[in-house]
Each structure stands twice: as C-alpha cells, then as structure tokens.
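Encoded as structure tokens, the structure appears first; notes follow it.
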Amino acid sequence: MKQDKKRIHMLDEVRGLAILCMIVHHVFLDVGDVLGLQWGYDIFDALCTVQPVFWAVFIVISGMCTRLSRNATKRGLIVLGCALVITAVTAGIMPLFSFVNCEIYFGILHCLGICMIITGLAMPIINKIDYRAGGAVCLINFLLTYGIDKGTVFFGLVDMPSELYQHNFLAPLGFHSNSFFSADYFPLLPWLFMFLFGSFIGKIALDEKLPESMYKKRSKFLSIVGRNSLWVYLAHQPIIYVIMLITAFIITRTV
C-alpha cells in the first residue's frame, strides 16, 4: 500500500479467510487424488457450489488493493512470474513422478498477474472514470460473460459461436476446445471484469471513506495470511502433497 494510507486490516483478514477456504477446498481434492478416497472427491464437488463466492471475494479485494498499490504493474509481473513457475512444475516436472492431471496452464495466479498488469497500465484512465459508473459497468459485464468458458453468455441463454472453441490458443480468454485441461483455470473473461470492479470501488478505500471498523485489526492470524497470500498460495500445495504422501505411506505400511 501507499505509505501515506492507513492499512485496511479487514481487507487483509477477509482475503486471508478467502485463501484459507480455497486451501481447504484443495485438500479434499488431494484426498481423492493422492489417497484415492472417494469421499474426498464428493466433498470437493459439493464445495464447488460455494467456492466461486470465495474466488470473487479474493479477486475483488485484489482489485481494490491494486488501486492502493504503489506499482501494480510490477506486482503483476511478479505474480505472473510465479504463475509461470507453477506451470513449469505442474506440467513439466510433476508428470515425471507419476502425478497426472495436475497441469496448471492458466490458474488463479496467471489471471491475477495479467489483471494487475492491465489495471496498472490502465490506471490513468481508470482514475478519470467515476468509480460508481465504472464499477457498475464491470459488474454487469462480469454477470453477462460468466460461463463463457462453457460456451454460453447471458446466463446461459445465448450460445457462443462454436468456431471460437475449436482451438486452445485463446484459453486465457475463456475459449478452448474439449481437449484443453488445466487443474486450476481462471480465464480473463469474466474474471477481469470482477478484478476491475474491485479496482473501481477501491476509490473508496483510496479516499479513506470506508467504515472506521474496517481499519481495526481483529485477527492477527488472518491478517498475516492475507498480507502474505501469494506466498501462502504458492506453499500450500507442496505442503499438502507431502502430508498426503506421508499419510498414504503410513496407511500402506499399517494395512
């Protein structure tokens, strides 16, 4: 954050809670993948109905923080660099150790990194637009394009041209063929609009017009997780895998 601004601890805490919810969601998937237990898949699938809420909260807060950032473009390049490392590990290294269906070609970090870069470069324009109008337009566009990666828009009422879904080079935008697979997938459409929505309403935070209660720290743990969400996200999957592999080894030795 810019040094002359008060820290909004509630944003850190809510972002920390959102990232922990994502991690819990991933844990159940790993229970199925690594331990081979069906109930892990069952719980993972059940949580998929509410997980987009936490994704949206996390992305909106990231957009708000971009409005408060000293250098959003630089931050975006760092996040995108971390995302490319994840792609190299999951698509190039993990398959060598018999980990399948773990490739991440355009996940949450890829999406956030590019959103930060785009927003950082567009900030001079964003600053000139009324935040209420800009936020409303972005929110409407998010709702209208949600599901575009499934081939529909306008809440599933309109089918997109099938020609857009014959190849995979437009997968970052949400257009891909049936052969495309990414274990974590966040296309720019519609999520860029949700990020920009956060950036626009971040004007309220920039002007320090949020409720005073949002500047008070309530949970030191959630605050720390929220402030270090990038590194927590990068570390959680290797740690979970190691725990699951140790658990699987113990189970096989005791059976």
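Chain labels A, B, ... are given in the sequence in which chains occur in the structure tokens; within each chain residues are numbered consecutively from 1, and ligands are likewise numbered from 1 in the order shown.
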
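Using only C-alpha atoms, the protein and nucleic acid residues lying no more than 10 Å from segment 82-99 of chain A, apart from those fewer than 5 places from it along its own chain, are Asp33, Val34, Gly76, Leu77, Ile104, Tyr105, Phe106, Gly107, Ile108, Leu109, His110, Cys111, Leu112, Gly113, Ser182, Ala183, Leu230, Trp231 and Leu234 of chain A.
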
10 Å contact set for Leu192 of chain A, only C-alpha atoms, chain neighbours under 5 positions out, as a PyMOL selection string = chain A and resi 59-60+63+111-112+114-116+118-119+138+141-142+173+186-187+197-198

Output N, CA, C and O atoms of each residue in that selection to a file, as a PDB file, in the first residue's frame.
ATOM      1  N   ILE A  59     -10.682 -11.962  -5.562  1.00  0.00           N
ATOM      2  CA  ILE A  59     -10.334 -11.185  -6.749  1.00  0.00           C
ATOM      3  C   ILE A  59     -10.751  -9.725  -6.588  1.00  0.00           C
ATOM      4  O   ILE A  59     -10.020  -8.813  -6.996  1.00  0.00           O
ATOM      5  N   VAL A  60     -11.922  -9.478  -5.994  1.00  0.00           N
ATOM      6  CA  VAL A  60     -12.357  -8.096  -5.757  1.00  0.00           C
ATOM      7  C   VAL A  60     -11.371  -7.371  -4.838  1.00  0.00           C
ATOM      8  O   VAL A  60     -10.971  -6.225  -5.101  1.00  0.00           O
ATOM      9  N   GLY A  63      -8.297  -6.495  -6.650  1.00  0.00           N
ATOM     10  CA  GLY A  63      -8.514  -5.310  -7.469  1.00  0.00           C
ATOM     11  C   GLY A  63      -8.492  -4.039  -6.647  1.00  0.00           C
ATOM     12  O   GLY A  63      -7.906  -3.025  -7.051  1.00  0.00           O
ATOM     13  N   CYS A 111      -4.171 -15.450 -13.966  1.00  0.00           N
ATOM     14  CA  CYS A 111      -5.251 -14.486 -14.153  1.00  0.00           C
ATOM     15  C   CYS A 111      -4.975 -13.208 -13.363  1.00  0.00           C
ATOM     16  O   CYS A 111      -5.062 -12.091 -13.915  1.00  0.00           O
ATOM     17  N   LEU A 112      -4.625 -13.342 -12.096  1.00  0.00           N
ATOM     18  CA  LEU A 112      -4.376 -12.170 -11.263  1.00  0.00           C
ATOM     19  C   LEU A 112      -3.188 -11.362 -11.777  1.00  0.00           C
ATOM     20  O   LEU A 112      -3.230 -10.123 -11.788  1.00  0.00           O
ATOM     21  N   ILE A 114      -1.975 -11.049 -14.848  1.00  0.00           N
ATOM     22  CA  ILE A 114      -2.329 -10.288 -16.047  1.00  0.00           C
ATOM     23  C   ILE A 114      -3.325  -9.183 -15.712  1.00  0.00           C
ATOM     24  O   ILE A 114      -3.235  -8.067 -16.246  1.00  0.00           O
ATOM     25  N   CYS A 115      -4.279  -9.460 -14.818  1.00  0.00           N
ATOM     26  CA  CYS A 115      -5.232  -8.424 -14.402  1.00  0.00           C
ATOM     27  C   CYS A 115      -4.509  -7.246 -13.758  1.00  0.00           C
ATOM     28  O   CYS A 115      -4.855  -6.077 -14.003  1.00  0.00           O
ATOM     29  N   MET A 116      -3.512  -7.538 -12.928  1.00  0.00           N
ATOM     30  CA  MET A 116      -2.748  -6.467 -12.286  1.00  0.00           C
ATOM     31  C   MET A 116      -1.986  -5.640 -13.314  1.00  0.00           C
ATOM     32  O   MET A 116      -1.946  -4.402 -13.225  1.00  0.00           O
ATOM     33  N   ILE A 118      -2.687  -5.265 -16.573  1.00  0.00           N
ATOM     34  CA  ILE A 118      -3.649  -4.492 -17.366  1.00  0.00           C
ATOM     35  C   ILE A 118      -4.169  -3.300 -16.570  1.00  0.00           C
ATOM     36  O   ILE A 118      -4.211  -2.159 -17.063  1.00  0.00           O
ATOM     37  N   THR A 119      -4.550  -3.550 -15.311  1.00  0.00           N
ATOM     38  CA  THR A 119      -5.097  -2.482 -14.479  1.00  0.00           C
ATOM     39  C   THR A 119      -4.049  -1.426 -14.182  1.00  0.00           C
ATOM     40  O   THR A 119      -4.343  -0.220 -14.193  1.00  0.00           O
ATOM     41  N   CYS A 138     -18.519  -2.810 -15.048  1.00  0.00           N
ATOM     42  CA  CYS A 138     -17.701  -4.024 -14.900  1.00  0.00           C
ATOM     43  C   CYS A 138     -18.513  -5.158 -14.285  1.00  0.00           C
ATOM     44  O   CYS A 138     -18.396  -6.314 -14.711  1.00  0.00           O
ATOM     45  N   ASN A 141     -20.868  -6.543 -16.901  1.00  0.00           N
ATOM     46  CA  ASN A 141     -20.131  -7.344 -17.884  1.00  0.00           C
ATOM     47  C   ASN A 141     -19.683  -8.679 -17.304  1.00  0.00           C
ATOM     48  O   ASN A 141     -19.649  -9.693 -18.011  1.00  0.00           O
ATOM     49  N   PHE A 142     -19.342  -8.686 -16.011  1.00  0.00           N
ATOM     50  CA  PHE A 142     -18.981  -9.953 -15.368  1.00  0.00           C
ATOM     51  C   PHE A 142     -20.167 -10.910 -15.391  1.00  0.00           C
ATOM     52  O   PHE A 142     -20.034 -12.085 -15.762  1.00  0.00           O
ATOM     53  N   LEU A 173      -8.489 -16.413 -22.518  1.00  0.00           N
ATOM     54  CA  LEU A 173      -9.676 -15.566 -22.590  1.00  0.00           C
ATOM     55  C   LEU A 173     -10.956 -16.324 -22.240  1.00  0.00           C
ATOM     56  O   LEU A 173     -12.005 -15.718 -22.029  1.00  0.00           O
ATOM     57  N   PHE A 186      -8.753 -20.080 -14.475  1.00  0.00           N
ATOM     58  CA  PHE A 186      -9.432 -18.802 -14.279  1.00  0.00           C
ATOM     59  C   PHE A 186      -9.237 -17.944 -15.525  1.00  0.00           C
ATOM     60  O   PHE A 186      -8.272 -17.173 -15.614  1.00  0.00           O
ATOM     61  N   PRO A 187     -10.110 -18.059 -16.514  1.00  0.00           N
ATOM     62  CA  PRO A 187      -9.970 -17.258 -17.728  1.00  0.00           C
ATOM     63  C   PRO A 187     -10.200 -15.775 -17.452  1.00  0.00           C
ATOM     64  O   PRO A 187     -10.906 -15.405 -16.503  1.00  0.00           O
ATOM     65  N   PHE A 197     -13.831  -4.332 -11.311  1.00  0.00           N
ATOM     66  CA  PHE A 197     -14.864  -3.872 -10.381  1.00  0.00           C
ATOM     67  C   PHE A 197     -14.226  -3.516  -9.041  1.00  0.00           C
ATOM     68  O   PHE A 197     -14.511  -2.460  -8.448  1.00  0.00           O
ATOM     69  N   GLY A 198     -13.345  -4.407  -8.549  1.00  0.00           N
ATOM     70  CA  GLY A 198     -12.640  -4.131  -7.300  1.00  0.00           C
ATOM     71  C   GLY A 198     -11.764  -2.895  -7.400  1.00  0.00           C
ATOM     72  O   GLY A 198     -11.676  -2.101  -6.457  1.00  0.00           O
TER      73      GLY A 198
END

task = Check the DSSP output for the backbone and give back, as a PyMOL selection string, the residues of segment 168-204 of chain A in helix (DSSP H, G or I).
result = chain A and resi 171-173+188-204

Find the residues near Met10 of chain A: any atom within 9 Å, counting only C-alpha atoms, skip ones fewer than 6 places away on the same chain, and give them as a VMD selection string.
chain A and resid 213 to 219 223

Writing out the chosen residues with C-alpha atoms as a PDB file, in the first residue's frame:
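Wrote it out as part.pdb, contents follow:
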ATOM      1  CA  SER A 213     -14.318  -0.510  11.799  1.00  0.00           C
ATOM      2  CA  MET A 214     -12.546  -1.780   8.665  1.00  0.00           C
ATOM      3  CA  TYR A 215      -9.282  -0.208   9.816  1.00  0.00           C
ATOM      4  CA  LYS A 216      -9.243  -2.174  13.079  1.00  0.00           C
ATOM      5  CA  LYS A 217      -7.350  -5.461  13.373  1.00  0.00           C
ATOM      6  CA  ARG A 218      -9.452  -8.361  14.673  1.00  0.00           C
ATOM      7  CA  SER A 219      -7.460 -11.490  13.798  1.00  0.00           C
ATOM      8  CA  SER A 223      -4.242 -10.617   8.743  1.00  0.00           C
TER       9      SER A 223
END

- Item | Within 10 Å of His26 of chain A using only C-alpha atoms, minus same-chain residues under 4 positions, as a ChimeraX atom specification | /A:20-22,30-31,40,44,236-237,240

Item to complete: Would you please extract all strand (DSSP E or B) residues from segment 45-193 of chain A, as assigned by DSSP on the backbone, and give them as a PyMOL selection string?
Response: chain A and resi 106+152-153+158-159+185

Residues just named, written with C-alpha atoms as a short mmCIF file (atom, residue, chain, number, x, y, z; two decimals), in the first residue's frame:
data_model
loop_
_atom_site.label_atom_id
_atom_site.label_comp_id
_atom_site.auth_asym_id
_atom_site.auth_seq_id
_atom_site.Cartn_x
_atom_site.Cartn_y
_atom_site.Cartn_z
CA PHE A 106 -3.92 -20.65 -16.66
CA THR A 152 -22.57 -19.56 -23.26
CA VAL A 153 -23.21 -15.97 -22.17
CA VAL A 158 -27.10 -17.40 -25.63
CA ASP A 159 -24.68 -19.90 -27.15
CA TYR A 185 -8.49 -22.48 -14.53
#

Inset, instruction - Would you list the contacts of Asp130 of chain A as a PyMOL selection string, taking every protein, DNA or RNA residue within 12 Å and counting only C-alpha atoms, but skipping same-chain residues closer than 3 positions in sequence? - result: chain A and resi 125-127+133-137+197+199-204

For the residues in that selection, give me all heavy atoms as a tab-separated table (two decimals), in the first residue's frame.
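Result file is out_35.tsv:
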chain	number	residue	atom	x	y	z
A	125	ILE	N	-6.43	6.00	-16.95
A	125	ILE	CA	-7.78	6.09	-17.50
A	125	ILE	C	-8.81	5.80	-16.41
A	125	ILE	O	-9.83	6.49	-16.28
A	125	ILE	CB	-7.95	5.11	-18.67
A	125	ILE	CG1	-6.97	5.46	-19.80
A	125	ILE	CG2	-9.39	5.12	-19.18
A	125	ILE	CD1	-6.98	4.47	-20.94
A	126	ILE	N	-8.55	4.76	-15.59
A	126	ILE	CA	-9.46	4.38	-14.52
A	126	ILE	C	-9.67	5.54	-13.56
A	126	ILE	O	-10.78	5.79	-13.08
A	126	ILE	CB	-8.92	3.14	-13.77
A	126	ILE	CG1	-8.97	1.91	-14.69
A	126	ILE	CG2	-9.70	2.88	-12.49
A	126	ILE	CD1	-8.33	0.68	-14.11
A	127	ASN	N	-8.60	6.29	-13.29
A	127	ASN	CA	-8.70	7.41	-12.35
A	127	ASN	C	-9.62	8.52	-12.85
A	127	ASN	O	-10.12	9.33	-12.06
A	127	ASN	CB	-7.30	8.00	-12.09
A	127	ASN	CG	-6.47	7.09	-11.19
A	127	ASN	OD1	-6.99	6.37	-10.36
A	127	ASN	ND2	-5.16	7.13	-11.37
A	133	ALA	N	-19.87	4.47	-11.84
A	133	ALA	CA	-20.21	4.08	-13.20
A	133	ALA	C	-19.31	2.96	-13.68
A	133	ALA	O	-19.77	1.97	-14.26
A	133	ALA	CB	-20.11	5.29	-14.14
A	134	GLY	N	-18.00	3.12	-13.44
A	134	GLY	CA	-17.06	2.09	-13.86
A	134	GLY	C	-17.31	0.76	-13.18
A	134	GLY	O	-17.29	-0.30	-13.82
A	135	GLY	N	-17.59	0.80	-11.88
A	135	GLY	CA	-17.88	-0.43	-11.14
A	135	GLY	C	-19.13	-1.11	-11.63
A	135	GLY	O	-19.19	-2.33	-11.76
A	136	ALA	N	-20.16	-0.32	-11.91
A	136	ALA	CA	-21.43	-0.89	-12.38
A	136	ALA	C	-21.27	-1.56	-13.73
A	136	ALA	O	-21.78	-2.66	-13.96
A	136	ALA	CB	-22.50	0.21	-12.46
A	137	VAL	N	-20.55	-0.90	-14.65
A	137	VAL	CA	-20.33	-1.48	-15.98
A	137	VAL	C	-19.55	-2.79	-15.88
A	137	VAL	O	-19.88	-3.78	-16.54
A	137	VAL	CB	-19.58	-0.47	-16.89
A	137	VAL	CG1	-19.12	-1.15	-18.18
A	137	VAL	CG2	-20.48	0.71	-17.21
A	197	PHE	N	-13.83	-4.33	-11.31
A	197	PHE	CA	-14.86	-3.87	-10.38
A	197	PHE	C	-14.23	-3.52	-9.04
A	197	PHE	O	-14.51	-2.46	-8.45
A	197	PHE	CB	-15.93	-4.95	-10.20
A	197	PHE	CG	-16.89	-4.68	-9.08
A	197	PHE	CD1	-17.89	-3.73	-9.22
A	197	PHE	CD2	-16.79	-5.38	-7.88
A	197	PHE	CE1	-18.78	-3.48	-8.17
A	197	PHE	CE2	-17.68	-5.12	-6.83
A	197	PHE	CZ	-18.66	-4.17	-6.99
A	199	SER	N	-11.13	-2.74	-8.55
A	199	SER	CA	-10.27	-1.57	-8.74
A	199	SER	C	-11.06	-0.27	-8.70
A	199	SER	O	-10.63	0.73	-8.11
A	199	SER	CB	-9.52	-1.69	-10.08
A	199	SER	OG	-8.68	-0.58	-10.29
A	200	PHE	N	-12.24	-0.27	-9.31
A	200	PHE	CA	-13.06	0.94	-9.31
A	200	PHE	C	-13.56	1.27	-7.90
A	200	PHE	O	-13.44	2.42	-7.45
A	200	PHE	CB	-14.25	0.79	-10.27
A	200	PHE	CG	-13.91	1.14	-11.69
A	200	PHE	CD1	-13.87	0.16	-12.67
A	200	PHE	CD2	-13.62	2.45	-12.05
A	200	PHE	CE1	-13.54	0.48	-13.99
A	200	PHE	CE2	-13.29	2.78	-13.37
A	200	PHE	CZ	-13.26	1.79	-14.34
A	201	ILE	N	-14.11	0.29	-7.20
A	201	ILE	CA	-14.64	0.60	-5.87
A	201	ILE	C	-13.50	0.82	-4.87
A	201	ILE	O	-13.73	1.34	-3.77
A	201	ILE	CB	-15.58	-0.51	-5.35
A	201	ILE	CG1	-14.82	-1.83	-5.14
A	201	ILE	CG2	-16.75	-0.70	-6.29
A	201	ILE	CD1	-15.67	-2.89	-4.47
A	202	GLY	N	-12.27	0.47	-5.29
A	202	GLY	CA	-11.11	0.76	-4.47
A	202	GLY	C	-10.91	2.26	-4.27
A	202	GLY	O	-10.14	2.67	-3.39
A	203	LYS	N	-11.59	3.05	-5.08
A	203	LYS	CA	-11.52	4.52	-4.92
A	203	LYS	C	-12.01	4.91	-3.53
A	203	LYS	O	-11.50	5.87	-2.94
A	203	LYS	CB	-12.39	5.18	-6.00
A	203	LYS	CG	-12.44	6.71	-5.92
A	203	LYS	CD	-11.09	7.32	-6.26
A	203	LYS	CE	-11.22	8.80	-6.59
A	203	LYS	NZ	-11.83	9.63	-5.56
A	204	ILE	N	-12.99	4.20	-3.01
A	204	ILE	CA	-13.50	4.49	-1.67
A	204	ILE	C	-12.39	4.27	-0.64
A	204	ILE	O	-12.22	5.07	0.29
A	204	ILE	CB	-14.72	3.60	-1.34
A	204	ILE	CG1	-15.80	3.76	-2.41
A	204	ILE	CG2	-15.28	3.94	0.04
A	204	ILE	CD1	-16.96	2.81	-2.25

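For the atom pair formed by atom CA of Ala56 of chain A and atom CA of Tyr233 of chain A, the distance is 16.0 Å, given to one decimal.
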
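For the atom pair formed by atom CA of Val24 of chain A and atom CA of Phe54 of chain A, the distance is 11.6 Å, given to one decimal.
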